[in-house]
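Student: Right, I'll just put the structure down here and ask away after.
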Amino acid sequence: MLMQTTTRVLDPGDLGAALAVLESEPVANAFVTSRVQVAGLDPWRLGGEMWGWYENGRLRSLCYSGANLVPICATPEAVRAFADRARRAGRRCSSIVGPAESAGLLWRLLEPSWGPAREVRAHQPLMVTESMPDDTTPDPFVRRIRKDEMEVIMPACVAMFTEEVGVSPLAGDGGLLYQARVAELVGAGRAFARIDDGKVVFKAEIGAATPQACQIQGVWVDPEFRGRGLSETGMAAVLRYALADVAPVVSLYVNDYNTAARAAYRRVGFREVGAFMSVLF
């Protein structure tokens, strides 16, 4: 039987079908699902287009095309269709990120026209947990950041981003978009830190959040305080907030070469369930 396929930009009327695809893999898709649940599919509110790949009239795969290019539940056939569309449109994103298999194929197809990348992180373990650790006591000094503490938390956020991504978030627009995102997380009660004598020594945020799953991001310990176990106790504290107030499943993804972080997350109870890939431009 001949399969008929098509790809198109989704519109608000496709919201139900898109959410059905997104929610079929709640952990892997948490980032995009959280945006769609809040903004819908209107490109202006969503911050990008949502492409849909249909097989015999049924929506099977998605690709978010905004600041990031993110394949979602994408079959190899869908990835090829998304790559064709992305190639025609030209690169407008700062990264490709998603499950390693589909993101890897997407990059192989786009690299001849979009390359070279600034950095390719081919294997970033995706880790999850549904419970608190038995043998790590949450740091009692880790707490939610208040709105009036933006000036305190921003230097730590900038340091984390620069260390992780390799470029400063202050470049380009002077950091306006990045500061707005941090302010959004602080306002939502999803930014956490331990502040000693006015200095942030540990911080993390709950970035993506849906009723099914949430994702911890931006984990950072001041270099002066590393090696003291603050990452484990701090993560346990953020995990306690996440499980109690946000979602029953907590996830994160980490660079495979960051063996210290992976070990710390395992000690807090996270286990590896898959892998992401990031291509940075």
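By convention here, the chains of the structure tokens are called A, B, ... in the order presented, each chain's residues are numbered starting at 1, and ligands are numbered starting at 1 in the order presented.
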Applying 10 Å and only C-alpha atoms, which residues near range 43-45 of chain A remain after dropping the ones on its own chain fewer than 2 positions away? List them as a PyMOL selection string.
Tutor: chain A and resi 9-12+35-36+38-41+47-50+65-66
Student: For the residues in that selection, give me C-alpha atoms as a short mmCIF file (atom, residue, chain, number, x, y, z; two decimals), in the first residue's frame.
Tutor:
```
data_model
loop_
_atom_site.label_atom_id
_atom_site.label_comp_id
_atom_site.auth_asym_id
_atom_site.auth_seq_id
_atom_site.Cartn_x
_atom_site.Cartn_y
_atom_site.Cartn_z
CA VAL A 9 3.15 24.54 9.11
CA LEU A 10 0.57 23.85 11.79
CA ASP A 11 -1.99 26.45 12.87
CA PRO A 12 -4.04 26.90 16.06
CA ARG A 35 5.70 26.09 25.41
CA VAL A 36 2.77 24.79 23.37
CA VAL A 38 1.07 28.00 27.28
CA ALA A 39 1.28 29.64 23.86
CA GLY A 40 -0.62 27.31 21.54
CA LEU A 41 0.51 27.10 17.92
CA GLY A 47 8.23 32.09 19.20
CA GLY A 48 8.50 29.96 16.08
CA GLU A 49 6.68 27.68 13.70
CA MET A 50 5.55 24.13 14.38
CA SER A 65 11.45 25.82 14.32
CA GLY A 66 12.35 28.83 16.44
#
```
Student: Among range 1-148 of chain A, which ones does DSSP place in strand (DSSP E or B), written as a PyMOL selection string?
Tutor: chain A and resi 5-9+49-55+58-65+68-72+95-99+119-129+143-144
Student: Write the selection just made, keeping C-alpha atoms, as an mmCIF file, in the first residue's frame?
Tutor:
```
data_model
loop_
_atom_site.group_PDB
_atom_site.id
_atom_site.type_symbol
_atom_site.label_atom_id
_atom_site.label_comp_id
_atom_site.auth_asym_id
_atom_site.auth_seq_id
_atom_site.Cartn_x
_atom_site.Cartn_y
_atom_site.Cartn_z
ATOM 1 C CA THR A 5 2.951 11.941 3.216
ATOM 2 C CA THR A 6 2.939 15.710 3.490
ATOM 3 C CA THR A 7 4.561 18.403 5.600
ATOM 4 C CA ARG A 8 3.078 21.781 6.516
ATOM 5 C CA VAL A 9 3.150 24.544 9.113
ATOM 6 C CA GLU A 49 6.677 27.685 13.699
ATOM 7 C CA MET A 50 5.551 24.133 14.382
ATOM 8 C CA TRP A 51 5.958 21.886 11.376
ATOM 9 C CA GLY A 52 3.850 18.771 11.085
ATOM 10 C CA TRP A 53 4.558 15.611 9.112
ATOM 11 C CA TYR A 54 1.502 13.635 8.079
ATOM 12 C CA GLU A 55 1.268 10.027 6.966
ATOM 13 C CA ARG A 58 -2.579 11.510 10.313
ATOM 14 C CA LEU A 59 -0.149 13.771 12.154
ATOM 15 C CA ARG A 60 2.816 11.593 13.136
ATOM 16 C CA SER A 61 5.823 13.859 13.749
ATOM 17 C CA LEU A 62 6.593 17.465 14.620
ATOM 18 C CA CYS A 63 9.486 19.876 14.360
ATOM 19 C CA TYR A 64 9.669 23.129 16.309
ATOM 20 C CA SER A 65 11.450 25.823 14.320
ATOM 21 C CA ASN A 68 16.086 26.049 18.369
ATOM 22 C CA LEU A 69 15.268 23.469 15.721
ATOM 23 C CA VAL A 70 13.750 20.520 17.586
ATOM 24 C CA PRO A 71 12.575 17.270 15.926
ATOM 25 C CA ILE A 72 9.770 15.655 17.929
ATOM 26 C CA SER A 95 20.982 25.291 17.734
ATOM 27 C CA ILE A 96 19.540 21.925 16.783
ATOM 28 C CA VAL A 97 18.531 19.929 19.837
ATOM 29 C CA GLY A 98 16.506 16.804 20.396
ATOM 30 C CA PRO A 99 16.650 13.032 20.802
ATOM 31 C CA GLU A 119 30.170 22.644 18.472
ATOM 32 C CA VAL A 120 28.430 19.275 18.245
ATOM 33 C CA ARG A 121 27.480 17.470 21.448
ATOM 34 C CA ALA A 122 26.472 14.126 20.034
ATOM 35 C CA HIS A 123 25.560 12.287 23.221
ATOM 36 C CA GLN A 124 23.905 14.012 26.169
ATOM 37 C CA PRO A 125 22.382 11.461 28.559
ATOM 38 C CA LEU A 126 18.738 12.086 29.416
ATOM 39 C CA MET A 127 18.166 11.301 33.093
ATOM 40 C CA VAL A 128 14.954 10.973 35.122
ATOM 41 C CA THR A 129 13.699 10.274 38.616
ATOM 42 C CA ARG A 143 15.244 28.278 48.376
ATOM 43 C CA ARG A 144 13.175 30.024 45.737
#
```
Student: Between A:Cys157, A:Ala263, A:Val219, A:Leu105, which one has atoms that come closest to Ser278 in chain A, using only C-alpha atoms?
Tutor: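 Answer, going by the shortest atom-to-atom distance: A:Leu105.
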Student: In Å to one decimal, how far is CA of Pro169 in chain A from CA of Cys73 in chain A?
Tutor: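 It comes out at 29.6 Å.
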Student: Closest to Gly104 in chain A among A:Phe82, A:Phe281, A:Tyr257, A:Phe276, using only C-alpha atoms?
Tutor: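 Checking each candidate against Gly104 in chain A, we get A:Phe276 as the closest.
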Student: Report, in Å to a single decimal, how far apart CA of Tyr265 in chain A and CA of Glu163 in chain A are.
Tutor: 18.8 Å
Student: How would you write, as a PyMOL selection string, the set of residues in range 21-262 of chain A that DSSP gives as helix (DSSP H, G or I)?
Tutor: chain A and resi 21-22+30-39+43-46+76-89+100-114+147-165+176-187+223-225+230-245+259-262
